[in-house]
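Q: Starting off with a structure, shown below.
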Amino acid sequence: MAQPLSIAVAQPRCAAHDVAANAVAHAEAVRAAAARVVVFPEMSLTGYELDATPVAPDDDRLAPIVAACAETGTLALVGAPVAGPRIGILALDADGARVVYGKVHLHRSEAIRFVPGEPAVIDVDEWRLGLAVCRDTGLPEHAAKTAALGIDGYVAGVVHADHEAGLHGERARRVAADHGVWVATAAFAGPTGGGFDRTSGRSGIWSADGELLAGTGAAPDEIARAVFVK
């Protein structure tokens, strides 16, 4: 049986297009979270800026996050535009960074610039975590296709407007009910591009029974932490 997995959702402050400054904020969140896995919002490294330059895994600006992960034994799942170009997730740990996911279900405005990815799972300490970005979570077919790969949890980074915070719980409870898995959603906090002058924050972690275990408020730099158990 797999050991419990400590997981956190973080919503760091973000400066548009400033990967270097945002990486420092991510590193601070990793240290503060003290969790095995820390999930970050959609495009958290650049802000929700659809013209942002893709971030390569070997970008020197990611060094602060790698160092923080090395110190804490953390795997950080960070939102960023990546090669493709895709709206992606970078996995960072003591060994560096790698692209592990590209958003599957793009909004029309995103599809002008980005191409869709495919459902994907990442293995962490005998836990299989299905990956999602924002609109993916709203389409039951995405969770179904991801669950078909064999998952214990479903983790997502999102950007939602302030009046959409209720979507996090609605979607998490649906995924938990349909597939019997834990859910963690990291939501953007503070202003960003794409017309999101006020984002929702209110990240959360839900049990496989659909119970909210931990959550944040709406302000940047808040973190919530819980433990997944089998």
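In the structure tokens, each chain is lettered A, B, ... as it comes, each chain's residues begin at 1, and ligands are numbered from 1 in order of appearance.
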Neighbouring residues of Ser6 of chain A were defined as those with any atom within 12 Å, considering only C-alpha atoms; residues of the same chain fewer than 4 positions away were excluded. Please report them as a list in words.
A: Ala33, Ala34, Ala35, Arg36, Val37, Val38, Val39, Gly73, Thr74, Leu75, Val124, Asp125, Trp127, Trp182, Ala184, Ile205, Ala214, Ala224, Arg225, Ala226, Val227, Phe228 and Val229 of chain A
Q: Residues at most 10 Å from Gly102 of chain A, counting only C-alpha atoms, excluding those fewer than 5 positions away in the same chain, as a ChimeraX atom specification?
A: /A:79-90,114-120,131-133
Q: For Gly194 of chain A, which of A:His179, A:His26, A:His107, A:Arg98 is the closest residue, counting only C-alpha atoms?
A: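 For Gly194 of chain A, the nearest of the candidates is A:His107.
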Q: Would you list, as a ChimeraX atom specification, the residues of chain A that end up in helix (DSSP H, G or I) under DSSP run on this structure's backbone?
A: /A:19-33,60-72,108-111,134-138,140-147,162-164,166-179
Q: Do you have the atom CA of Thr53 of chain A-atom CA of Ala16 of chain A distance handy?
A: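 Value for the atom CA of Thr53 of chain A-atom CA of Ala16 of chain A distance: 11.4 Å.
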Q: Write out as number ranges by chain which residues come within 10 Å of Arg135 of chain A when counting only C-alpha atoms, dropping same-chain ones fewer than 6 positions away.
A: A: 103-107, 142, 156-160
Q: Considering only C-alpha atoms, return as a ChimeraX atom specification whatever protein or nucleic-acid residues lie within 12 Å of Asp152 of chain A, sequence-local ones (same chain, fewer than 2 positions apart) excluded.
A: /A:2,4-5,121-131,143,146-150,154-155,175-176,179-184,207-208,228-230
Q: Report as a ChimeraX atom specification all protein, DNA and RNA residues lying within 12 Å of Pro64 of chain A, evaluated on only C-alpha atoms, omitting residues in the same chain fewer than 4 positions from it.
A: /A:19-31,59-60,68-71,76,92-94,96-97
Q: For Asp95 of chain A, which residue out of A:Ile65, A:Leu45, A:Gly166, A:Gly153 is the nearest one, using only C-alpha atoms?
A: A:Ile65
Q: Counting only C-alpha atoms, what is within 7 Å of Ala187 of chain A, bar same-chain residues fewer than 2 positions away, as a list in words?
A: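 Skipping anything fewer than 2 positions along the chain leaves Gln11, Pro41, Gly157, Val158, Val159, Thr185, Ala189, Ser200, Gly201, Arg202 and Ser203 of chain A.
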Q: Export, as a compact mmCIF listing (two decimals), in the first residue's frame, the selected residues with C-alpha atoms.
A:
```
# COMPACT_ATOMS: atom_id res chain seq x y z
CA GLN A 11 -1.54 30.65 -5.55
CA PRO A 41 -2.25 27.60 -11.14
CA GLY A 157 -4.12 24.45 -12.26
CA VAL A 158 -6.82 26.94 -13.22
CA VAL A 159 -7.55 30.61 -13.85
CA THR A 185 -7.11 22.51 -7.67
CA ALA A 189 -5.10 34.81 -7.30
CA SER A 200 -10.98 33.75 -7.82
CA GLY A 201 -8.19 32.32 -5.72
CA ARG A 202 -9.89 29.83 -3.37
CA SER A 203 -7.77 26.84 -4.26
```
Q: Run DSSP on the backbone and grab whatever in segment 66-175 of chain A lands in strand (DSSP E); send it over as an NGL selection string.
A: :A and (75-82 or 86-93 or 96-102 or 121-124 or 127-133 or 153-158)
Q: If you measure from atom CA of Leu62 of chain A to atom CA of Ala15 of chain A, what distance in Å do you get, rounded to one decimal?
A: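 Between atom CA of Leu62 of chain A and atom CA of Ala15 of chain A the gap is 15.1 Å.
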Q: Given the choices A:Asp221, A:Glu211, A:Asp51, A:Asp178, which gets closest to Ser109 of chain A if the distance is worked out from only C-alpha atoms?
A: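 Smallest separation from Ser109 of chain A among the options: A:Asp51.
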Q: In terms of the shortest atom-to-atom distance over only C-alpha atoms, which of A:Tyr48, A:Tyr101, A:Trp206, A:Phe196 is closest to Asp162 of chain A?
A: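 Looking only at the distances to Asp162 of chain A, the closest residue turns out to be A:Phe196.
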Q: Which residue, A:Ser44, A:Arg113, A:Ala32, A:Leu139, has the smallest gap to Thr72 of chain A when you use only C-alpha atoms?
A: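 Under the stated criterion, the closest residue is A:Ala32.
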